[in-house]
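Worksheet for the structure shown next.
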Amino acid sequence: AALSSLPYAPVESMRALRCFLTKPLHRIWGIFGFVDSFSENLSWFARTYLAINQGPIIAMIENHRSGLIWELFMSAPEVREGLSVLGFVEI
């Protein structure tokens, strides 16, 4: 969640990333990126990677960098129509 929050809280997200990188990297980073979770207090590190956690990290890094994912999503006619039907208006 910390890294997926990059567009909304860039300072805090980068602080979390720097903190993660001070941990035993071989325990929190693997073939698919960061492990799902860990508890430094319990010396516990997950051995799993959940796509629902990994995917948003990549998308939100790009949204922070360029806004591309949001731009592409919002340009889809189906999305624009759906938002209109729901009463959302562009400001």
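If you're wondering about the labels, chains in the structure tokens are A, B, ... by order shown, residues count from 1 in each chain, ligands from 1 in order shown.
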
Each residue of region 28-71 of chain A lying at most 7 Å from region 6-22 of chain A should get a row with its shortest atom-to-atom pair and the distance in Å to one decimal, counting only C-alpha atoms; could you produce that, ordered by chain and increasing number, as CSV?
residue,atom,partner,partner_atom,distance
A:Met60,CA,A:Leu6,CA,6.4
A:Ile61,CA,A:Leu6,CA,6.4
A:Asn63,CA,A:Pro7,CA,6.6
A:His64,CA,A:Pro7,CA,4.5

*asked:* Please identify the alpha helix (DSSP H) residues within chain A (assignment by DSSP from backbone atoms) and present them as a PyMOL selection string.
replied: chain A and resi 10-20+25-28+51-65+68-75+77-85

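Within chain A, DSSP applied to the backbone places the following residues in strand (DSSP E): Trp29, Gly30, Gly33, Phe34, Phe38, Ser39, Trp44 and Phe45 of chain A.
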
Considering only C-alpha atoms, give me a table of residues in region 6-30 of chain A that are at most 9 Å from region 45-54 of chain A, with the closest atom pair and distance in Å for each, as a Markdown table.
| residue | atom | partner | partner_atom | distance |
| --- | --- | --- | --- | --- |
| A:Arg27 | CA | A:Phe45 | CA | 6.4 |
| A:Ile28 | CA | A:Phe45 | CA | 6.7 |
| A:Gly30 | CA | A:Tyr49 | CA | 8.9 |

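Minimum atom-to-atom distances from A:Ser84, A:Phe73, A:Gly33, A:Glu90 to Ile58 (chain A) were compared using only C-alpha atoms, and the lowest value belongs to A:Gly33.
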